[in-house]
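*Asks:* Sharing a structure with you now.
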Amino acid sequence: MNGELFPPLEGEREALGPCAFVLRGFALPYVDELLTAISDLERNAPFRHMVTPGGFSMSVALTNCGALGWTTDKRGYRYTEIDPDSGKPWPTMPPAFDRLAREAACAAGFPDFRPDACLVNRYRPGARLSLHQDKNERDYDAPIVSVSLGMSAVFLFGGHERGDKALKVPLHHGDVAVWGGEDRLRYHGVMPIKDHPHFLLGSQRINFTFRKAG
Ligand code: SIN
Ligand code: FE2
């Protein structure tokens, strides 16, 4: 039995580390607003498969909202104010996104979170995200707030070295993961998504990652 599949419970928070938690179902009251906002966002800044600096097309499709958007191309990873596909600023962050991100951060012990970037990832079956650190942000004092909708995923939450053993954390529709403080730079990723269609979203998983990037 792999004990890591069942992290310790702390009230309604599951602790993944001293400053890292999963808030089960925290986003459920927001789902209708989030889905409406995604269809607006998608019209103005469609999901696209970006290319990594190594020249690979990402299996995850992404878009952004907020003052800054995370992008990658052959020149590297970075945040931009402009959507490179449209030449226009990224759509503004919908109020419901901002509220959810702040409330989740607060529930995880980060009361002053002011996100200026929301990366929205769309996973189809088989899409994955290899282990990485979030380190394109200017300072690491602010946490990362990550919201899951649709199909379930196995989130890998590792240590400070790429080779450290990773926890395997199931993330379901409505769950929110928050990591900051001494856990802010831990390696993390997502295992290939299995095709178990979700009753609302079908064969996709949407993940929002809120950050203070600038
Ligand atoms: C990310 O690390 O940017 C996304 C994590 C996730 O999809 O759960
Ligand atoms: Fe990440």
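How things are named: the first chain in the structure tokens is A, the next is B, and so on; residues count from 1 in each chain; ligands count from 1 in the order shown.
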Taking only C-alpha atoms and all ligand atoms into account, report as a CSV table (one decimal) with C-alpha atoms, in the first residue's frame which residues have an atom no farther than 10 Å from an atom of ligand 1.
*Replies:*
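File produced: out-v7.csv:
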```
chain,number,residue,atom,x,y,z
A,60,VAL,CA,-1.4,20.6,-22.8
A,62,LEU,CA,-3.1,26.8,-22.8
A,70,TRP,CA,2.7,32.8,-19.2
A,118,CYS,CA,-3.9,33.2,-14.5
A,119,LEU,CA,-2.7,30.4,-16.7
A,120,VAL,CA,-5.5,28.2,-18.0
A,121,ASN,CA,-4.4,24.7,-19.1
A,122,ARG,CA,-6.6,22.3,-21.0
A,123,TYR,CA,-5.8,18.6,-20.8
A,128,ARG,CA,0.6,15.5,-19.3
A,129,LEU,CA,2.9,18.0,-17.7
A,130,SER,CA,6.4,16.9,-16.9
A,131,LEU,CA,8.0,17.7,-13.5
A,132,HIS,CA,9.0,21.4,-13.3
A,133,GLN,CA,9.4,24.2,-10.9
A,134,ASP,CA,7.3,27.4,-11.2
A,144,ILE,CA,0.7,29.2,-6.4
A,145,VAL,CA,-3.1,28.5,-6.4
A,146,SER,CA,-4.1,25.7,-8.7
A,147,VAL,CA,-7.8,24.9,-9.4
A,148,SER,CA,-9.0,21.7,-11.1
A,149,LEU,CA,-12.1,21.2,-13.1
A,152,SER,CA,-9.5,13.8,-12.5
A,153,ALA,CA,-5.7,13.9,-12.6
A,154,VAL,CA,-2.8,12.5,-10.7
A,155,PHE,CA,-0.8,15.5,-9.6
A,156,LEU,CA,2.9,14.8,-8.8
A,157,PHE,CA,4.2,16.8,-5.9
A,169,VAL,CA,-2.1,13.3,-5.3
A,170,PRO,CA,-5.4,12.7,-7.0
A,171,LEU,CA,-7.1,16.0,-8.0
A,172,HIS,CA,-10.8,16.0,-8.8
A,175,ASP,CA,-10.3,20.7,-5.8
A,176,VAL,CA,-7.8,23.5,-5.2
A,177,ALA,CA,-4.1,23.0,-4.5
A,187,TYR,CA,8.9,20.2,-8.5
A,188,HIS,CA,5.4,19.2,-9.6
A,189,GLY,CA,3.7,17.8,-12.7
A,190,VAL,CA,0.7,15.9,-14.0
A,191,MET,CA,0.6,12.3,-15.1
A,205,ARG,CA,-9.5,18.6,-17.6
A,206,ILE,CA,-9.2,22.4,-17.1
A,207,ASN,CA,-6.6,23.7,-14.6
A,208,PHE,CA,-6.2,27.3,-13.6
A,209,THR,CA,-3.0,28.4,-12.1
A,210,PHE,CA,-3.0,31.7,-10.3
A,211,ARG,CA,0.3,33.5,-9.6
```
*Asks:* I need the residues of stretch 1-204 of chain A that end up classed as strand (DSSP E) by DSSP on the backbone, written out as a PyMOL selection string.
*Replies:* chain A and resi 9-10+13-17+20-23+61-65+69-73+76-80+117-123+129-132+144-150+153-157+167-171+176-179+188-190
*Asks:* What separation in Å, quoted to one decimal, exists between atom CA of A:Thr52 and atom CA of A:Thr71?
*Replies:*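 The value is 9.2 Å.
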*Asks:* I'd like the contact shell of A:Asn64 - 12 Å cut-off, only C-alpha atoms, skipping same-chain residues fewer than 5 positions apart - returned as a short mmCIF file (atom, residue, chain, number, x, y, z; two decimals) with N, CA and C atoms, in the first residue's frame.
*Replies:*
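Result saved to result.cif:
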```cif
data_model
loop_
_atom_site.label_atom_id
_atom_site.label_comp_id
_atom_site.auth_asym_id
_atom_site.auth_seq_id
_atom_site.Cartn_x
_atom_site.Cartn_y
_atom_site.Cartn_z
N ALA A 37 -17.02 32.08 -17.60
CA ALA A 37 -15.84 32.92 -17.86
C ALA A 37 -14.88 32.24 -18.83
N ILE A 38 -14.77 30.91 -18.76
CA ILE A 38 -13.86 30.22 -19.69
C ILE A 38 -14.35 30.36 -21.12
N ASP A 40 -16.03 32.79 -22.43
CA ASP A 40 -15.69 34.16 -22.87
C ASP A 40 -14.19 34.26 -23.19
N LEU A 41 -13.40 33.75 -22.26
CA LEU A 41 -11.95 33.84 -22.41
C LEU A 41 -11.50 33.14 -23.69
N GLU A 42 -12.07 31.96 -23.91
CA GLU A 42 -11.68 31.15 -25.05
C GLU A 42 -11.97 31.85 -26.38
N ARG A 43 -13.05 32.65 -26.40
CA ARG A 43 -13.37 33.39 -27.63
C ARG A 43 -12.32 34.47 -27.91
N ASN A 44 -11.82 35.09 -26.85
CA ASN A 44 -10.87 36.21 -27.03
C ASN A 44 -9.42 35.77 -27.10
N ALA A 45 -9.12 34.67 -26.44
CA ALA A 45 -7.73 34.16 -26.42
C ALA A 45 -7.82 32.64 -26.46
N PRO A 46 -7.97 32.07 -27.66
CA PRO A 46 -8.19 30.62 -27.78
C PRO A 46 -7.04 29.80 -27.18
N PHE A 47 -7.39 28.59 -26.72
CA PHE A 47 -6.37 27.65 -26.27
C PHE A 47 -5.45 27.32 -27.45
N ARG A 48 -4.17 27.16 -27.16
CA ARG A 48 -3.21 26.80 -28.20
C ARG A 48 -2.11 25.94 -27.60
N GLY A 69 0.59 37.02 -18.85
CA GLY A 69 0.28 35.66 -19.29
C GLY A 69 1.57 34.88 -19.50
N TRP A 70 1.54 33.62 -19.08
CA TRP A 70 2.73 32.77 -19.22
C TRP A 70 2.81 32.25 -20.65
N THR A 71 3.96 32.38 -21.26
CA THR A 71 4.13 31.88 -22.63
C THR A 71 5.46 31.14 -22.76
N TYR A 79 6.72 35.64 -18.93
CA TYR A 79 5.40 36.27 -18.86
C TYR A 79 5.37 37.45 -19.82
N THR A 80 4.23 37.63 -20.49
CA THR A 80 4.07 38.77 -21.39
C THR A 80 2.74 39.47 -21.09
N GLU A 81 2.70 40.76 -21.42
CA GLU A 81 1.44 41.51 -21.29
C GLU A 81 0.55 41.29 -22.51
N ILE A 82 1.17 40.86 -23.59
CA ILE A 82 0.48 40.73 -24.88
C ILE A 82 0.37 39.26 -25.26
N ASP A 83 -0.82 38.88 -25.76
CA ASP A 83 -1.00 37.54 -26.31
C ASP A 83 -0.26 37.48 -27.65
N PRO A 84 0.76 36.65 -27.77
CA PRO A 84 1.54 36.65 -29.01
C PRO A 84 0.72 36.27 -30.24
N ASP A 85 -0.40 35.55 -30.06
CA ASP A 85 -1.22 35.15 -31.22
C ASP A 85 -2.08 36.30 -31.73
N PRO A 89 -3.54 42.73 -25.51
CA PRO A 89 -3.34 42.31 -24.12
C PRO A 89 -4.17 41.06 -23.82
N TRP A 90 -3.69 40.25 -22.89
CA TRP A 90 -4.49 39.10 -22.44
C TRP A 90 -5.80 39.61 -21.87
N PRO A 91 -6.90 38.85 -22.00
CA PRO A 91 -8.18 39.28 -21.40
C PRO A 91 -8.00 39.54 -19.89
N THR A 92 -8.80 40.46 -19.37
CA THR A 92 -8.67 40.76 -17.93
C THR A 92 -9.15 39.55 -17.11
N MET A 93 -8.68 39.51 -15.88
CA MET A 93 -9.05 38.39 -15.02
C MET A 93 -10.49 38.56 -14.55
N PRO A 94 -11.38 37.59 -14.83
CA PRO A 94 -12.76 37.73 -14.38
C PRO A 94 -12.81 37.83 -12.85
N PHE A 97 -12.69 34.65 -10.81
CA PHE A 97 -11.37 33.98 -10.74
C PHE A 97 -10.57 34.58 -9.59
N ASP A 116 -1.79 38.35 -10.39
CA ASP A 116 -1.84 39.19 -11.60
C ASP A 116 -1.76 38.33 -12.85
N ALA A 117 -1.73 37.01 -12.68
CA ALA A 117 -1.62 36.10 -13.83
C ALA A 117 -2.45 34.86 -13.57
N CYS A 118 -3.20 34.46 -14.58
CA CYS A 118 -3.93 33.20 -14.50
C CYS A 118 -3.68 32.42 -15.77
N LEU A 119 -2.94 31.34 -15.62
CA LEU A 119 -2.68 30.41 -16.73
C LEU A 119 -3.79 29.37 -16.73
N VAL A 120 -4.42 29.18 -17.87
CA VAL A 120 -5.48 28.18 -17.96
C VAL A 120 -4.99 27.06 -18.88
N ASN A 121 -4.90 25.86 -18.33
CA ASN A 121 -4.42 24.70 -19.08
C ASN A 121 -5.58 23.78 -19.42
N ARG A 122 -5.62 23.30 -20.64
CA ARG A 122 -6.64 22.30 -20.99
C ARG A 122 -5.96 20.99 -21.37
N ASN A 207 -7.33 23.26 -15.84
CA ASN A 207 -6.63 23.69 -14.63
C ASN A 207 -6.32 25.18 -14.76
N PHE A 208 -6.60 25.92 -13.69
CA PHE A 208 -6.24 27.33 -13.62
C PHE A 208 -5.10 27.45 -12.65
N THR A 209 -4.04 28.13 -13.02
CA THR A 209 -2.97 28.37 -12.06
C THR A 209 -2.83 29.88 -11.87
N PHE A 210 -3.07 30.31 -10.63
CA PHE A 210 -2.99 31.74 -10.31
C PHE A 210 -1.64 32.04 -9.70
N ARG A 211 -1.07 33.14 -10.13
CA ARG A 211 0.26 33.51 -9.64
C ARG A 211 0.39 35.02 -9.52
#
```
*Asks:* Stretch 24-182 of chain A: which residues are helix (DSSP H, G or I) by DSSP, as a count of residues only?
*Replies:* 32
*Asks:* Quick one: residues within 12 Å of A:Gly55, only C-alpha atoms counted, chain neighbours fewer than 2 positions away excluded, as a list in words?
*Replies:*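 The residues that qualify are His49, Met50, Val51, Thr52, Pro53, Ser57, Met58, Thr72, Asp73, Lys74, Arg75 and Gly76 of chain A.
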*Asks:* Check the smallest atom-to-atom distance from each of A:His198, A:Arg186, A:His160, A:Lys212 to ligand 2 using only C-alpha atoms and all ligand atoms, then report the winner.
*Replies:*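 Looking only at the distances to ligand 2, the closest residue turns out to be A:Arg186.
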*Asks:* Could you check which of A:Leu185, A:Ile193, A:Ala20, A:Ala67 is closest to ligand 2, using only C-alpha atoms and all ligand atoms?
*Replies:*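 Nearest candidate to ligand 2 out of A:Leu185, A:Ile193, A:Ala20, A:Ala67: A:Leu185.
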